[in-house]
Amino acid sequence: MSTSFSMPLRVYMEDTDAGGIVYYVNYLKFMERARSEWLREQGLNQQTLLDEGTQLVVYRLACHYAKPARLDEALEITARVTDIGRCRVTFEQFVMRGEELLCSATVEIACLSAERMRPKAWPASFQSQLQTLVIS
């Protein structure tokens with residue numbers, strides 16, 4: 001399993017406001033895509049987890065917007081695991097334009113029973129893999 005993940009992303013018209021600047025909530029969408037692709041890189045995807053009765057939800061989020069991204073810019077979205085709990089995982093995420101930080105966030109993801117919508121432990125096979133990912 002990989003401790004960190006990075007993916008390129010191009011800013012399209014649909015991502016921006018009338019002035020060609022990325023609308024603030026779209027940074028969260030970009031980060032969600034990076035976490036989903038990270039999960040896929042680990043050999044899992046959210047549909048498989050749902051089929052097994054597990055749902056992942058954002059439990060807590062702290063975000064800092066440093067600089068705007070604009071139409072047609074090439075960005076890099078990163079995700080790395082910083083903490084693992086019995087029912088949650090914490091990611092540190094960055095949206096970069098080259099070496100320039102545009103947005104950073106700490107995102108806690110909770111693992112829930114899809115049926116009961118209550119916290120549940122990570123699936124056993126995934127829990128052991130997660131423990132190898134924490135970066136201090």
# chains A, B, ... in the order shown; residues from 1 in each chain; ligands from 1
>>> residues_around(residues="segment 101-116 of chain A", least_positions_apart="4", cutoff="7 Å", atoms="only C-alpha atoms", output="JSON, numbers by chain")
{"A": [50, 53, 54, 55, 56, 57, 58, 59, 60, 61, 62, 63, 64, 65, 66, 67, 68, 69, 87, 88, 89, 90, 91, 92, 93, 94, 95, 96, 97, 120, 121, 122]}
>>> write_last_selection(atoms="C-alpha atoms", output="PDB file, in the first residue's frame")
ATOM      1  CA  LEU A  50     -20.827  -0.531  -0.099  1.00  0.00           C
ATOM      2  CA  GLY A  53     -22.004  -3.109   3.935  1.00  0.00           C
ATOM      3  CA  THR A  54     -19.392  -0.429   4.614  1.00  0.00           C
ATOM      4  CA  GLN A  55     -19.871   3.282   3.913  1.00  0.00           C
ATOM      5  CA  LEU A  56     -17.194   5.967   4.141  1.00  0.00           C
ATOM      6  CA  VAL A  57     -18.227   9.501   5.126  1.00  0.00           C
ATOM      7  CA  VAL A  58     -16.448  12.746   5.898  1.00  0.00           C
ATOM      8  CA  TYR A  59     -16.597  13.099   9.676  1.00  0.00           C
ATOM      9  CA  ARG A  60     -14.517  16.248  10.165  1.00  0.00           C
ATOM     10  CA  LEU A  61     -12.809  18.708   7.851  1.00  0.00           C
ATOM     11  CA  ALA A  62     -10.507  21.677   8.390  1.00  0.00           C
ATOM     12  CA  CYS A  63      -9.567  23.589   5.267  1.00  0.00           C
ATOM     13  CA  HIS A  64      -7.327  26.563   4.526  1.00  0.00           C
ATOM     14  CA  TYR A  65      -7.567  28.436   1.239  1.00  0.00           C
ATOM     15  CA  ALA A  66      -4.240  30.139   0.505  1.00  0.00           C
ATOM     16  CA  LYS A  67      -4.402  31.258  -3.159  1.00  0.00           C
ATOM     17  CA  PRO A  68      -6.898  30.932  -6.007  1.00  0.00           C
ATOM     18  CA  ALA A  69      -6.658  28.515  -8.901  1.00  0.00           C
ATOM     19  CA  CYS A  87     -13.393   3.398  12.698  1.00  0.00           C
ATOM     20  CA  ARG A  88     -11.657   6.345  11.047  1.00  0.00           C
ATOM     21  CA  VAL A  89      -8.694   7.488   9.008  1.00  0.00           C
ATOM     22  CA  THR A  90      -7.228  10.993   8.825  1.00  0.00           C
ATOM     23  CA  PHE A  91      -5.805  12.434   5.621  1.00  0.00           C
ATOM     24  CA  GLU A  92      -3.626  15.465   5.046  1.00  0.00           C
ATOM     25  CA  GLN A  93      -4.340  16.903   1.611  1.00  0.00           C
ATOM     26  CA  PHE A  94      -2.884  19.632  -0.566  1.00  0.00           C
ATOM     27  CA  VAL A  95      -3.871  21.324  -3.812  1.00  0.00           C
ATOM     28  CA  MET A  96      -0.720  22.590  -5.517  1.00  0.00           C
ATOM     29  CA  ARG A  97       0.076  24.617  -8.635  1.00  0.00           C
ATOM     30  CA  LYS A 120     -18.042   0.203  12.555  1.00  0.00           C
ATOM     31  CA  ALA A 121     -14.489  -1.097  12.486  1.00  0.00           C
ATOM     32  CA  TRP A 122     -12.626  -1.213   9.214  1.00  0.00           C
TER      33      TRP A 122
END
>>> atom_distance(atom1="atom CA of Ser6 of chain A", atom2="atom CA of Ala34 of chain A")
7.1 Å
>>> closest_residue(among="A:Ile77, A:Met117, A:Ile84, A:Met13", to="Glu99 of chain A", atoms="only C-alpha atoms")
A:Ile77
>>> select_by_dssp(residues="chain A", states="strand (DSSP E or B)", output="ChimeraX atom specification")
/A:4-10,16,21-22,54-65,70,74-84,88-97,100-113,119
>>> closest_residue(among="A:Ala124, A:Leu9, A:Leu44, A:Leu49", to="Lys29 of chain A", atoms="only C-alpha atoms")
A:Leu9
>>> atom_distance(atom1="atom CA of Tyr23 of chain A", atom2="atom CA of Arg70 of chain A")
9.4 Å
>>> closest_residue(among="A:Ala79, A:Ala74, A:Val11, A:Leu39", to="Asn26 of chain A", atoms="only C-alpha atoms")
A:Val11
>>> closest_residue(among="A:Glu52, A:Ser4, A:Glu76, A:Glu41", to="Tyr27 of chain A", atoms="only C-alpha atoms")
A:Glu76
>>> select_by_dssp(residues="segment 2-73 of chain A", states="alpha helix (DSSP H)", output="ChimeraX atom specification")
/A:24-41,46-51
>>> decode(residues="segment 17-36 of chain A", atoms="N, CA and C atoms", output="mmCIF file, in the first residue's frame")
data_model
loop_
_atom_site.group_PDB
_atom_site.id
_atom_site.type_symbol
_atom_site.label_atom_id
_atom_site.label_comp_id
_atom_site.auth_asym_id
_atom_site.auth_seq_id
_atom_site.Cartn_x
_atom_site.Cartn_y
_atom_site.Cartn_z
ATOM 1 N N ASP A 17 -16.019 30.111 -11.137
ATOM 2 C CA ASP A 17 -17.109 31.078 -11.078
ATOM 3 C C ASP A 17 -17.070 31.938 -12.345
ATOM 4 N N ALA A 18 -17.870 32.971 -12.405
ATOM 5 C CA ALA A 18 -17.946 33.815 -13.601
ATOM 6 C C ALA A 18 -16.629 34.537 -13.893
ATOM 7 N N GLY A 19 -15.769 34.675 -12.881
ATOM 8 C CA GLY A 19 -14.489 35.347 -13.069
ATOM 9 C C GLY A 19 -13.351 34.410 -13.434
ATOM 10 N N GLY A 20 -13.657 33.117 -13.623
ATOM 11 C CA GLY A 20 -12.622 32.158 -13.998
ATOM 12 C C GLY A 20 -11.783 31.656 -12.834
ATOM 13 N N ILE A 21 -12.242 31.885 -11.599
ATOM 14 C CA ILE A 21 -11.539 31.414 -10.409
ATOM 15 C C ILE A 21 -12.267 30.187 -9.870
ATOM 16 N N VAL A 22 -11.504 29.172 -9.435
ATOM 17 C CA VAL A 22 -12.117 27.947 -8.918
ATOM 18 C C VAL A 22 -13.006 28.289 -7.724
ATOM 19 N N TYR A 23 -14.248 27.836 -7.805
ATOM 20 C CA TYR A 23 -15.224 28.017 -6.741
ATOM 21 C C TYR A 23 -14.754 27.217 -5.525
ATOM 22 N N TYR A 24 -14.837 27.801 -4.336
ATOM 23 C CA TYR A 24 -14.198 27.230 -3.149
ATOM 24 C C TYR A 24 -14.578 25.779 -2.862
ATOM 25 N N VAL A 25 -15.830 25.399 -3.039
ATOM 26 C CA VAL A 25 -16.250 24.041 -2.712
ATOM 27 C C VAL A 25 -15.632 23.006 -3.663
ATOM 28 N N ASN A 26 -15.206 23.443 -4.845
ATOM 29 C CA ASN A 26 -14.629 22.498 -5.797
ATOM 30 C C ASN A 26 -13.275 21.962 -5.340
ATOM 31 N N TYR A 27 -12.567 22.697 -4.486
ATOM 32 C CA TYR A 27 -11.330 22.158 -3.910
ATOM 33 C C TYR A 27 -11.643 20.888 -3.113
ATOM 34 N N LEU A 28 -12.779 20.895 -2.410
ATOM 35 C CA LEU A 28 -13.182 19.718 -1.644
ATOM 36 C C LEU A 28 -13.504 18.556 -2.573
ATOM 37 N N LYS A 29 -14.109 18.851 -3.712
ATOM 38 C CA LYS A 29 -14.385 17.813 -4.706
ATOM 39 C C LYS A 29 -13.081 17.245 -5.268
ATOM 40 N N PHE A 30 -12.117 18.117 -5.526
ATOM 41 C CA PHE A 30 -10.824 17.652 -6.026
ATOM 42 C C PHE A 30 -10.178 16.705 -5.010
ATOM 43 N N MET A 31 -10.258 17.074 -3.726
ATOM 44 C CA MET A 31 -9.667 16.241 -2.670
ATOM 45 C C MET A 31 -10.396 14.914 -2.539
ATOM 46 N N GLU A 32 -11.716 14.944 -2.687
ATOM 47 C CA GLU A 32 -12.504 13.707 -2.650
ATOM 48 C C GLU A 32 -12.066 12.759 -3.767
ATOM 49 N N ARG A 33 -11.845 13.300 -4.939
ATOM 50 C CA ARG A 33 -11.386 12.463 -6.057
ATOM 51 C C ARG A 33 -10.035 11.833 -5.735
ATOM 52 N N ALA A 34 -9.139 12.610 -5.134
ATOM 53 C CA ALA A 34 -7.812 12.080 -4.794
ATOM 54 C C ALA A 34 -7.934 10.964 -3.761
ATOM 55 N N ARG A 35 -8.790 11.128 -2.751
ATOM 56 C CA ARG A 35 -8.966 10.057 -1.756
ATOM 57 C C ARG A 35 -9.583 8.826 -2.404
ATOM 58 N N SER A 36 -10.536 9.020 -3.298
ATOM 59 C CA SER A 36 -11.155 7.880 -3.989
ATOM 60 C C SER A 36 -10.146 7.149 -4.860
#
